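As stored in work06.txt (compact mmCIF, N, CA and C atoms):
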# COMPACT_ATOMS: atom_id res chain seq x y z
N MET K 1 0.09 14.51 -8.23
CA MET K 1 0.59 14.06 -6.94
C MET K 1 1.42 12.79 -7.13
N SER K 2 2.57 12.73 -6.50
CA SER K 2 3.43 11.56 -6.66
C SER K 2 2.95 10.42 -5.77
N GLU K 3 3.36 9.22 -6.12
CA GLU K 3 3.00 8.03 -5.36
C GLU K 3 3.74 8.04 -4.03
N PRO K 4 3.16 7.48 -2.98
CA PRO K 4 3.83 7.49 -1.68
C PRO K 4 5.10 6.67 -1.64
N PHE K 5 5.16 5.60 -2.41
CA PHE K 5 6.36 4.78 -2.45
C PHE K 5 7.14 5.15 -3.69
N GLY K 6 7.79 6.28 -3.66
CA GLY K 6 8.49 6.79 -4.84
C GLY K 6 9.78 6.05 -5.12
N ILE K 7 10.46 6.49 -6.14
CA ILE K 7 11.72 5.87 -6.57
C ILE K 7 12.75 5.93 -5.44
N TRP K 8 12.68 6.93 -4.61
CA TRP K 8 13.65 7.07 -3.53
C TRP K 8 13.56 5.94 -2.52
N VAL K 9 12.47 5.20 -2.50
CA VAL K 9 12.31 4.13 -1.52
C VAL K 9 12.81 2.80 -2.07
N PHE K 10 12.30 2.39 -3.23
CA PHE K 10 12.62 1.07 -3.76
C PHE K 10 13.73 1.12 -4.79
N THR K 11 14.65 0.18 -4.63
CA THR K 11 15.68 -0.05 -5.64
C THR K 11 15.64 -1.53 -5.98
N ALA K 12 16.35 -1.91 -7.01
CA ALA K 12 16.38 -3.33 -7.41
C ALA K 12 16.87 -4.18 -6.24
N GLY K 13 16.22 -5.29 -6.03
CA GLY K 13 16.63 -6.21 -4.98
C GLY K 13 16.06 -5.92 -3.61
N MET K 14 15.12 -4.97 -3.51
CA MET K 14 14.51 -4.68 -2.21
C MET K 14 13.25 -5.53 -2.03
N TYR K 15 12.96 -5.84 -0.78
CA TYR K 15 11.80 -6.65 -0.42
C TYR K 15 11.01 -5.93 0.66
N VAL K 16 9.73 -6.29 0.79
CA VAL K 16 8.87 -5.73 1.83
C VAL K 16 8.38 -6.88 2.70
N VAL K 17 8.54 -6.74 4.02
CA VAL K 17 8.03 -7.73 4.96
C VAL K 17 7.18 -7.00 5.99
N HIS K 18 6.27 -7.71 6.64
CA HIS K 18 5.44 -7.06 7.64
C HIS K 18 6.23 -6.83 8.91
N GLY K 19 5.92 -5.73 9.58
CA GLY K 19 6.58 -5.40 10.83
C GLY K 19 5.90 -6.09 12.00
N LYS K 20 6.50 -5.99 13.16
CA LYS K 20 5.98 -6.66 14.35
C LYS K 20 4.60 -6.14 14.76
N ALA K 21 4.30 -4.89 14.47
CA ALA K 21 3.03 -4.30 14.90
C ALA K 21 1.91 -4.49 13.88
N ALA K 22 2.20 -5.10 12.75
CA ALA K 22 1.17 -5.29 11.72
C ALA K 22 0.17 -6.35 12.16
N ARG K 23 -1.12 -6.04 11.98
CA ARG K 23 -2.16 -7.04 12.25
C ARG K 23 -2.23 -7.99 11.08
N LEU K 24 -2.14 -9.28 11.36
CA LEU K 24 -2.13 -10.29 10.32
C LEU K 24 -3.42 -11.09 10.33
N ASN K 25 -3.82 -11.57 9.14
CA ASN K 25 -5.00 -12.42 9.07
C ASN K 25 -4.61 -13.86 9.40
N LYS K 26 -5.55 -14.78 9.27
CA LYS K 26 -5.29 -16.17 9.67
C LYS K 26 -4.23 -16.84 8.80
N HIS K 27 -3.93 -16.26 7.64
CA HIS K 27 -2.91 -16.82 6.75
C HIS K 27 -1.53 -16.19 6.98
N GLY K 28 -1.45 -15.25 7.91
CA GLY K 28 -0.18 -14.62 8.22
C GLY K 28 0.14 -13.44 7.31
N ASN K 29 -0.87 -12.88 6.66
CA ASN K 29 -0.68 -11.75 5.76
C ASN K 29 -1.42 -10.52 6.28
N ILE K 30 -0.98 -9.36 5.82
CA ILE K 30 -1.71 -8.13 6.11
C ILE K 30 -2.92 -8.11 5.20
N SER K 31 -4.08 -7.76 5.74
CA SER K 31 -5.31 -7.80 4.95
C SER K 31 -5.33 -6.69 3.90
N VAL K 32 -6.15 -6.89 2.88
CA VAL K 32 -6.30 -5.91 1.81
C VAL K 32 -6.82 -4.60 2.39
N GLY K 33 -7.72 -4.70 3.36
CA GLY K 33 -8.28 -3.50 3.98
C GLY K 33 -7.22 -2.63 4.63
N VAL K 34 -6.25 -3.25 5.29
CA VAL K 34 -5.17 -2.49 5.93
C VAL K 34 -4.31 -1.82 4.86
N TYR K 35 -4.00 -2.56 3.78
CA TYR K 35 -3.23 -1.95 2.69
C TYR K 35 -3.97 -0.75 2.11
N LYS K 36 -5.29 -0.88 1.95
CA LYS K 36 -6.07 0.23 1.40
C LYS K 36 -6.05 1.44 2.32
N LYS K 37 -6.15 1.19 3.63
CA LYS K 37 -6.09 2.30 4.59
C LYS K 37 -4.74 3.01 4.50
N ILE K 38 -3.68 2.23 4.46
CA ILE K 38 -2.33 2.81 4.40
C ILE K 38 -2.18 3.63 3.13
N LEU K 39 -2.52 3.04 1.99
CA LEU K 39 -2.36 3.75 0.72
C LEU K 39 -3.24 4.99 0.65
N ALA K 40 -4.47 4.90 1.12
CA ALA K 40 -5.37 6.05 1.09
C ALA K 40 -4.78 7.19 1.92
N GLU K 41 -4.27 6.86 3.07
CA GLU K 41 -3.73 7.90 3.93
C GLU K 41 -2.43 8.48 3.38
N LEU K 42 -1.57 7.61 2.84
CA LEU K 42 -0.31 8.11 2.30
C LEU K 42 -0.53 8.97 1.06
N ARG K 43 -1.55 8.64 0.30
CA ARG K 43 -1.87 9.44 -0.89
C ARG K 43 -2.64 10.69 -0.53
N GLY K 44 -3.18 10.73 0.67
CA GLY K 44 -3.97 11.89 1.08
C GLY K 44 -5.34 11.89 0.43
N SER K 45 -5.90 10.71 0.24
CA SER K 45 -7.20 10.59 -0.40
C SER K 45 -8.26 11.27 0.44
N SER K 46 -9.31 11.73 -0.24
CA SER K 46 -10.44 12.28 0.49
C SER K 46 -11.14 11.12 1.19
N GLY K 47 -11.75 11.42 2.30
CA GLY K 47 -12.44 10.39 3.05
C GLY K 47 -11.63 9.85 4.21
N THR K 48 -10.36 10.20 4.29
CA THR K 48 -9.57 9.77 5.44
C THR K 48 -9.37 10.98 6.35
N VAL K 49 -9.81 10.89 7.56
CA VAL K 49 -9.70 12.00 8.49
C VAL K 49 -8.24 12.14 8.90
N GLY K 50 -7.71 13.33 8.72
CA GLY K 50 -6.34 13.58 9.13
C GLY K 50 -5.30 12.96 8.24
N GLY K 51 -5.65 12.57 7.02
CA GLY K 51 -4.69 11.99 6.09
C GLY K 51 -3.63 12.99 5.69
N ALA K 52 -2.62 12.50 4.99
CA ALA K 52 -1.48 13.35 4.63
C ALA K 52 -1.90 14.54 3.80
N GLY K 53 -2.97 14.42 3.04
CA GLY K 53 -3.40 15.52 2.18
C GLY K 53 -4.59 16.27 2.73
N SER K 54 -4.99 16.01 3.96
CA SER K 54 -6.18 16.67 4.49
C SER K 54 -5.87 18.11 4.85
N SER K 55 -6.89 18.89 4.92
CA SER K 55 -6.70 20.30 5.25
C SER K 55 -6.85 20.55 6.75
N GLN K 56 -6.98 19.50 7.54
CA GLN K 56 -7.18 19.65 8.97
C GLN K 56 -5.90 19.96 9.72
N GLY K 57 -4.75 19.79 9.09
CA GLY K 57 -3.49 20.09 9.72
C GLY K 57 -2.99 19.00 10.66
N LYS K 58 -3.70 17.90 10.78
CA LYS K 58 -3.26 16.80 11.63
C LYS K 58 -2.31 15.91 10.86
N LYS K 59 -1.42 15.27 11.59
CA LYS K 59 -0.54 14.29 10.97
C LYS K 59 -1.33 13.02 10.74
N GLY K 60 -1.02 12.32 9.64
CA GLY K 60 -1.70 11.07 9.35
C GLY K 60 -1.24 9.98 10.30
N LYS K 61 -1.98 8.90 10.33
CA LYS K 61 -1.65 7.78 11.20
C LYS K 61 -0.43 7.03 10.68
N TYR K 62 -0.27 6.94 9.35
CA TYR K 62 0.83 6.20 8.72
C TYR K 62 1.79 7.15 8.02
N PHE K 63 3.06 6.77 7.98
CA PHE K 63 4.05 7.53 7.22
C PHE K 63 5.16 6.61 6.76
N VAL K 64 5.85 7.02 5.70
CA VAL K 64 7.00 6.28 5.18
C VAL K 64 8.24 7.02 5.61
N GLY K 65 9.20 6.31 6.18
CA GLY K 65 10.43 6.95 6.59
C GLY K 65 11.34 5.99 7.32
N LYS K 66 12.46 6.56 7.79
CA LYS K 66 13.43 5.78 8.56
C LYS K 66 13.26 6.09 10.04
N VAL K 67 13.17 5.04 10.83
CA VAL K 67 13.12 5.17 12.29
C VAL K 67 14.22 4.26 12.82
N ASN K 68 15.16 4.86 13.54
CA ASN K 68 16.32 4.12 14.06
C ASN K 68 17.05 3.38 12.94
N GLY K 69 17.13 3.99 11.76
CA GLY K 69 17.85 3.41 10.63
C GLY K 69 17.07 2.36 9.85
N VAL K 70 15.81 2.13 10.19
CA VAL K 70 14.99 1.12 9.51
C VAL K 70 13.97 1.82 8.64
N LEU K 71 14.04 1.56 7.33
CA LEU K 71 13.13 2.17 6.38
C LEU K 71 11.86 1.35 6.29
N GLY K 72 10.71 2.02 6.31
CA GLY K 72 9.45 1.30 6.21
C GLY K 72 8.24 2.18 6.33
N VAL K 73 7.09 1.54 6.45
CA VAL K 73 5.82 2.23 6.73
C VAL K 73 5.58 2.08 8.21
N TRP K 74 5.39 3.20 8.89
CA TRP K 74 5.24 3.22 10.33
C TRP K 74 3.88 3.78 10.70
N LYS K 75 3.37 3.36 11.85
CA LYS K 75 2.08 3.83 12.36
C LYS K 75 2.33 4.64 13.62
N ARG K 76 1.79 5.86 13.62
CA ARG K 76 1.90 6.68 14.82
C ARG K 76 0.98 6.12 15.91
N ALA K 77 1.47 6.12 17.13
CA ALA K 77 0.69 5.59 18.25
C ALA K 77 1.03 6.41 19.49
N GLY K 78 0.33 6.15 20.55
CA GLY K 78 0.65 6.77 21.82
C GLY K 78 -0.15 8.01 22.14
N GLY K 79 -0.12 9.01 21.33
CA GLY K 79 -0.81 10.26 21.62
C GLY K 79 0.17 11.40 21.74
N LYS K 80 -0.34 12.54 22.20
CA LYS K 80 0.51 13.74 22.28
C LYS K 80 1.54 13.66 23.40
N ARG K 81 1.15 13.07 24.51
CA ARG K 81 2.07 13.04 25.66
C ARG K 81 3.20 12.02 25.49
N ARG K 82 2.88 10.87 24.94
CA ARG K 82 3.88 9.82 24.76
C ARG K 82 3.83 9.26 23.35
N PRO K 83 4.24 10.06 22.37
CA PRO K 83 4.16 9.57 20.99
C PRO K 83 5.18 8.47 20.72
N THR K 84 4.72 7.44 20.03
CA THR K 84 5.59 6.35 19.62
C THR K 84 5.24 5.98 18.19
N VAL K 85 6.05 5.15 17.59
CA VAL K 85 5.75 4.63 16.25
C VAL K 85 5.89 3.11 16.28
N LYS K 86 5.10 2.46 15.44
CA LYS K 86 5.13 1.00 15.36
C LYS K 86 5.37 0.59 13.92
N PRO K 87 6.23 -0.42 13.70
CA PRO K 87 6.53 -0.86 12.33
C PRO K 87 5.37 -1.67 11.74
N ILE K 88 4.91 -1.26 10.56
CA ILE K 88 3.86 -1.98 9.86
C ILE K 88 4.45 -2.75 8.68
N LEU K 89 5.20 -2.07 7.83
CA LEU K 89 5.90 -2.70 6.70
C LEU K 89 7.36 -2.27 6.76
N ILE K 90 8.26 -3.21 6.59
CA ILE K 90 9.70 -2.92 6.62
C ILE K 90 10.28 -3.21 5.24
N PHE K 91 11.11 -2.30 4.75
CA PHE K 91 11.75 -2.46 3.45
C PHE K 91 13.17 -2.98 3.67
N LEU K 92 13.48 -4.13 3.07
CA LEU K 92 14.79 -4.77 3.22
C LEU K 92 15.58 -4.63 1.95
N LYS K 93 16.90 -4.50 2.06
CA LYS K 93 17.76 -4.40 0.89
C LYS K 93 18.18 -5.75 0.35
N GLY K 94 17.90 -6.80 1.05
CA GLY K 94 18.22 -8.15 0.59
C GLY K 94 17.06 -9.08 0.82
N LYS K 95 17.23 -10.30 0.35
CA LYS K 95 16.19 -11.31 0.50
C LYS K 95 15.98 -11.61 1.98
N PRO K 96 14.71 -11.63 2.43
CA PRO K 96 14.50 -11.95 3.84
C PRO K 96 14.83 -13.41 4.14
N GLY K 97 15.33 -13.67 5.31
CA GLY K 97 15.69 -15.03 5.69
C GLY K 97 14.58 -15.66 6.51
N TYR K 98 13.90 -16.63 5.93
CA TYR K 98 12.84 -17.33 6.64
C TYR K 98 13.31 -18.74 6.96
N ARG K 99 12.88 -19.25 8.09
CA ARG K 99 13.19 -20.63 8.42
C ARG K 99 11.96 -21.48 8.14
N LYS K 100 12.21 -22.76 7.87
CA LYS K 100 11.10 -23.67 7.63
C LYS K 100 10.38 -23.92 8.95
N ARG K 101 9.06 -23.79 8.91
CA ARG K 101 8.26 -24.06 10.09
C ARG K 101 7.64 -25.44 10.02
N PHE K 102 7.41 -25.92 8.82
CA PHE K 102 6.72 -27.18 8.64
C PHE K 102 7.37 -27.91 7.47
N PRO K 103 7.94 -29.11 7.69
CA PRO K 103 8.63 -29.83 6.60
C PRO K 103 7.63 -30.48 5.64
N PHE K 104 6.92 -29.65 4.88
CA PHE K 104 5.82 -30.10 4.04
C PHE K 104 6.24 -31.17 3.03
N ILE K 105 7.32 -30.93 2.28
CA ILE K 105 7.75 -31.86 1.23
C ILE K 105 8.11 -33.22 1.82
N ARG K 106 8.85 -33.23 2.91
CA ARG K 106 9.27 -34.49 3.53
C ARG K 106 8.05 -35.30 4.00
N ILE K 107 7.10 -34.63 4.62
CA ILE K 107 5.90 -35.32 5.10
C ILE K 107 5.06 -35.82 3.92
N ALA K 108 4.90 -34.99 2.89
CA ALA K 108 4.11 -35.39 1.72
C ALA K 108 4.73 -36.61 1.02
N LYS K 109 6.05 -36.62 0.90
CA LYS K 109 6.71 -37.77 0.27
C LYS K 109 6.51 -39.04 1.09
N GLY K 110 6.58 -38.94 2.40
CA GLY K 110 6.37 -40.10 3.27
C GLY K 110 4.96 -40.66 3.16
N ILE K 111 3.98 -39.77 3.13
CA ILE K 111 2.58 -40.20 3.00
C ILE K 111 2.36 -40.84 1.64
N ALA K 112 2.90 -40.23 0.59
CA ALA K 112 2.75 -40.78 -0.76
C ALA K 112 3.41 -42.15 -0.86
N ARG K 113 4.59 -42.30 -0.28
CA ARG K 113 5.31 -43.58 -0.32
C ARG K 113 4.50 -44.68 0.37
N ARG K 114 3.84 -44.34 1.48
CA ARG K 114 3.05 -45.33 2.23
C ARG K 114 1.70 -45.63 1.58
N HIS K 115 1.01 -44.62 1.11
CA HIS K 115 -0.38 -44.80 0.69
C HIS K 115 -0.61 -44.91 -0.82
N LEU K 116 0.27 -44.39 -1.63
CA LEU K 116 0.05 -44.39 -3.08
C LEU K 116 -0.09 -45.80 -3.67
N PRO K 117 0.80 -46.75 -3.36
CA PRO K 117 0.63 -48.09 -3.94
C PRO K 117 -0.70 -48.74 -3.56
N ILE K 118 -1.11 -48.60 -2.32
CA ILE K 118 -2.37 -49.20 -1.86
C ILE K 118 -3.55 -48.54 -2.57
N GLU K 119 -3.57 -47.21 -2.59
CA GLU K 119 -4.68 -46.48 -3.21
C GLU K 119 -4.72 -46.70 -4.72
N LEU K 120 -3.57 -46.82 -5.35
CA LEU K 120 -3.51 -47.08 -6.79
C LEU K 120 -4.07 -48.47 -7.10
N ASP K 121 -3.70 -49.47 -6.29
CA ASP K 121 -4.27 -50.82 -6.47
C ASP K 121 -5.79 -50.82 -6.32
N LYS K 122 -6.30 -50.12 -5.30
CA LYS K 122 -7.75 -50.02 -5.10
C LYS K 122 -8.42 -49.38 -6.32
N ALA K 123 -7.84 -48.30 -6.82
CA ALA K 123 -8.42 -47.59 -7.96
C ALA K 123 -8.41 -48.47 -9.21
N MET K 124 -7.33 -49.21 -9.42
CA MET K 124 -7.25 -50.10 -10.59
C MET K 124 -8.27 -51.24 -10.47
N ASP K 125 -8.39 -51.82 -9.29
CA ASP K 125 -9.38 -52.88 -9.09
C ASP K 125 -10.79 -52.35 -9.36
N HIS K 126 -11.09 -51.15 -8.88
CA HIS K 126 -12.41 -50.56 -9.09
C HIS K 126 -12.62 -50.26 -10.57
N ALA K 127 -11.61 -49.75 -11.24
CA ALA K 127 -11.74 -49.43 -12.67
C ALA K 127 -11.98 -50.71 -13.49
N ILE K 128 -11.27 -51.77 -13.17
CA ILE K 128 -11.45 -53.02 -13.90
C ILE K 128 -12.83 -53.62 -13.62
N ALA K 129 -13.27 -53.55 -12.35
CA ALA K 129 -14.57 -54.13 -11.98
C ALA K 129 -15.74 -53.38 -12.60
N THR K 130 -15.59 -52.10 -12.80
CA THR K 130 -16.70 -51.30 -13.32
C THR K 130 -16.57 -50.95 -14.79
N ALA K 131 -15.56 -51.48 -15.43
CA ALA K 131 -15.35 -51.15 -16.85
C ALA K 131 -16.44 -51.82 -17.70
N LYS K 132 -16.90 -51.11 -18.72
CA LYS K 132 -17.90 -51.68 -19.64
C LYS K 132 -17.19 -52.55 -20.65
N ARG K 133 -17.72 -53.71 -20.86
CA ARG K 133 -17.14 -54.64 -21.83
C ARG K 133 -17.65 -54.28 -23.22
N ARG K 134 -16.81 -54.30 -24.19
CA ARG K 134 -17.22 -53.99 -25.58
C ARG K 134 -17.09 -55.19 -26.44
Represent the supplied structure as structure tokens.
Amino acid sequence: MSEPFGIWVFTAGMYVVHGKAARLNKHGNISVGVYKKILAELRGSSGTVGGAGSSQGKKGKYFVGKVNGVLGVWKRAGGKRRPTVKPILIFLKGKPGYRKRFPFIRIAKGIARRHLPIELDKAMDHAIATAKRR
């Protein structure tokens, strides 16, 4: 059996980002459990009800394909009367563009500039005061 993300999907320079419908953990990532569910279903592993390889004839919850020209892993939703799909993982042909949310380096440099000399003096005073004389 071939892998669900075959050569036809990934080429050099492609990236994967989470879609709007992906459930994220507190760190902003998709959990390992969700990845395992997706992979198990796409591979048609035993133990997944209605997976791609099941003999029940049902469509799996997840699939890889293009929807409105966007390649990715999609989740079926809605039901029989109003079927919809939601983006879980999106495959990009170029580097994703992220904006800075928190100026970490600038803040860290400012704190270090203010506190490092004072803390270094304290540490040196303590080291000299507690040093064993030989």
List as a list in words the protein and nucleic acid residues near Ile90 (chain K), meaning an atom at most 8 Å away when all atoms listed in the file are counted, but skip any in the same chain fewer than 5 places from it.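 Neighbouring residues, sequence-local ones excluded: Tyr15, Val16, Val17, His18, Gly19, Lys20, Val70, Leu71, Gly72, Val73 and Trp74 of chain K.
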Measure the distance from atom C of Lys66 (chain K) to atom N of Leu42 (chain K) in Å and round it to one decimal.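 So the answer is 16.6 Å.
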Go ahead and compute the interatomic distance for atom N of Ile105 (chain K) and atom N of Asp121 (chain K), in Å to one decimal.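 Atom N of Asp121 (chain K) lies at a distance of 23.2 Å from atom N of Ile105 (chain K).
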Report, in Å with one decimal, the straight-line distance from atom C of Arg114 (chain K) to atom N of Ala131 (chain K).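 Going from atom C of Arg114 (chain K) over to atom N of Ala131 (chain K) covers 24.9 Å.
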Please report, as JSON, numbers by chain, each residue of chain K to which DSSP assigns alpha helix (DSSP H) when run on this structure's backbone. {"K": [32, 33, 34, 35, 36, 37, 38, 39, 40, 41, 42, 43, 104, 105, 106, 107, 108, 109, 110, 111, 112, 113, 114, 115, 116, 117, 118, 119, 120, 121, 122, 123, 124, 125, 126, 127, 128, 129, 130]}
Applying 12 Å and only C-alpha atoms, which residues near Asn68 (chain K) remain after dropping the ones on its own chain fewer than 5 positions away? List them as a compact mmCIF listing (two decimals) with N, CA and C atoms, in the frame of the given file.
# COMPACT_ATOMS: atom_id res chain seq x y z
N TRP K 74 5.39 3.20 8.89
CA TRP K 74 5.24 3.22 10.33
C TRP K 74 3.88 3.78 10.70
N VAL K 85 6.05 5.15 17.59
CA VAL K 85 5.75 4.63 16.25
C VAL K 85 5.89 3.11 16.28
N LYS K 86 5.10 2.46 15.44
CA LYS K 86 5.13 1.00 15.36
C LYS K 86 5.37 0.59 13.92
N PRO K 87 6.23 -0.42 13.70
CA PRO K 87 6.53 -0.86 12.33
C PRO K 87 5.37 -1.67 11.74
From the options K:Arg106, K:Tyr62, K:Arg101, K:Thr130, which residue's atoms come nearest to Lys36 (chain K), counting only C-alpha atoms?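 Under the stated criterion, the closest residue is K:Tyr62.
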Kindly indicate which residue among K:Ile118, K:Ile30, K:Lys61, K:Arg134 lies nearest to Pro83 (chain K), using only C-alpha atoms for the distances. K:Lys61
Would you mind completing region 109-119 of chain K so that it carries all heavy atoms, and writing it out as a compact mmCIF listing (two decimals), in the frame of the given file?
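The resulting part_24.txt:
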# COMPACT_ATOMS: atom_id res chain seq x y z
N LYS K 109 6.05 -36.62 0.90
CA LYS K 109 6.71 -37.77 0.27
C LYS K 109 6.51 -39.04 1.09
O LYS K 109 6.27 -40.12 0.53
CB LYS K 109 8.21 -37.49 0.09
CG LYS K 109 8.52 -36.57 -1.06
CD LYS K 109 10.02 -36.37 -1.20
CE LYS K 109 10.34 -35.47 -2.37
NZ LYS K 109 11.78 -35.23 -2.51
N GLY K 110 6.58 -38.94 2.40
CA GLY K 110 6.37 -40.10 3.27
C GLY K 110 4.96 -40.66 3.16
O GLY K 110 4.76 -41.87 3.06
N ILE K 111 3.98 -39.77 3.13
CA ILE K 111 2.58 -40.20 3.00
C ILE K 111 2.36 -40.84 1.64
O ILE K 111 1.72 -41.89 1.53
CB ILE K 111 1.63 -39.01 3.23
CG1 ILE K 111 1.67 -38.61 4.70
CG2 ILE K 111 0.20 -39.35 2.80
CD1 ILE K 111 0.96 -37.32 5.02
N ALA K 112 2.90 -40.23 0.59
CA ALA K 112 2.75 -40.78 -0.76
C ALA K 112 3.41 -42.15 -0.86
O ALA K 112 2.85 -43.08 -1.46
CB ALA K 112 3.33 -39.83 -1.79
N ARG K 113 4.59 -42.30 -0.28
CA ARG K 113 5.31 -43.58 -0.32
C ARG K 113 4.50 -44.68 0.37
O ARG K 113 4.45 -45.82 -0.10
CB ARG K 113 6.69 -43.40 0.33
CG ARG K 113 7.65 -44.53 0.12
CD ARG K 113 9.07 -44.29 0.64
NE ARG K 113 9.26 -43.33 1.70
CZ ARG K 113 9.69 -42.07 1.52
NH1 ARG K 113 9.94 -41.61 0.32
NH2 ARG K 113 9.85 -41.26 2.55
N ARG K 114 3.84 -44.34 1.48
CA ARG K 114 3.05 -45.33 2.23
C ARG K 114 1.70 -45.63 1.58
O ARG K 114 1.27 -46.77 1.54
CB ARG K 114 2.82 -44.85 3.66
CG ARG K 114 4.01 -45.03 4.57
CD ARG K 114 3.65 -44.79 6.03
NE ARG K 114 3.04 -43.50 6.27
CZ ARG K 114 3.71 -42.37 6.54
NH1 ARG K 114 5.03 -42.41 6.58
NH2 ARG K 114 3.09 -41.24 6.77
N HIS K 115 1.01 -44.62 1.11
CA HIS K 115 -0.38 -44.80 0.69
C HIS K 115 -0.61 -44.91 -0.82
O HIS K 115 -1.63 -45.48 -1.22
CB HIS K 115 -1.23 -43.65 1.23
CG HIS K 115 -1.30 -43.63 2.72
ND1 HIS K 115 -2.12 -44.47 3.43
CD2 HIS K 115 -0.62 -42.89 3.65
CE1 HIS K 115 -1.96 -44.24 4.72
NE2 HIS K 115 -1.05 -43.30 4.88
N LEU K 116 0.27 -44.39 -1.63
CA LEU K 116 0.05 -44.39 -3.08
C LEU K 116 -0.09 -45.80 -3.67
O LEU K 116 -1.05 -46.04 -4.42
CB LEU K 116 1.13 -43.60 -3.80
CG LEU K 116 0.90 -43.37 -5.29
CD1 LEU K 116 -0.37 -42.55 -5.51
CD2 LEU K 116 2.08 -42.68 -5.93
N PRO K 117 0.80 -46.75 -3.36
CA PRO K 117 0.63 -48.09 -3.94
C PRO K 117 -0.70 -48.74 -3.56
O PRO K 117 -1.37 -49.34 -4.41
CB PRO K 117 1.81 -48.89 -3.38
CG PRO K 117 2.82 -47.89 -2.98
CD PRO K 117 2.05 -46.67 -2.58
N ILE K 118 -1.11 -48.60 -2.32
CA ILE K 118 -2.37 -49.20 -1.86
C ILE K 118 -3.55 -48.54 -2.57
O ILE K 118 -4.44 -49.23 -3.08
CB ILE K 118 -2.50 -49.05 -0.33
CG1 ILE K 118 -1.39 -49.81 0.38
CG2 ILE K 118 -3.87 -49.50 0.16
CD1 ILE K 118 -1.20 -49.44 1.83
N GLU K 119 -3.57 -47.21 -2.59
CA GLU K 119 -4.68 -46.48 -3.21
C GLU K 119 -4.72 -46.70 -4.72
O GLU K 119 -5.80 -46.78 -5.32
CB GLU K 119 -4.59 -44.99 -2.88
CG GLU K 119 -4.79 -44.66 -1.42
CD GLU K 119 -6.13 -45.11 -0.88
OE1 GLU K 119 -7.15 -45.04 -1.59
OE2 GLU K 119 -6.17 -45.57 0.29
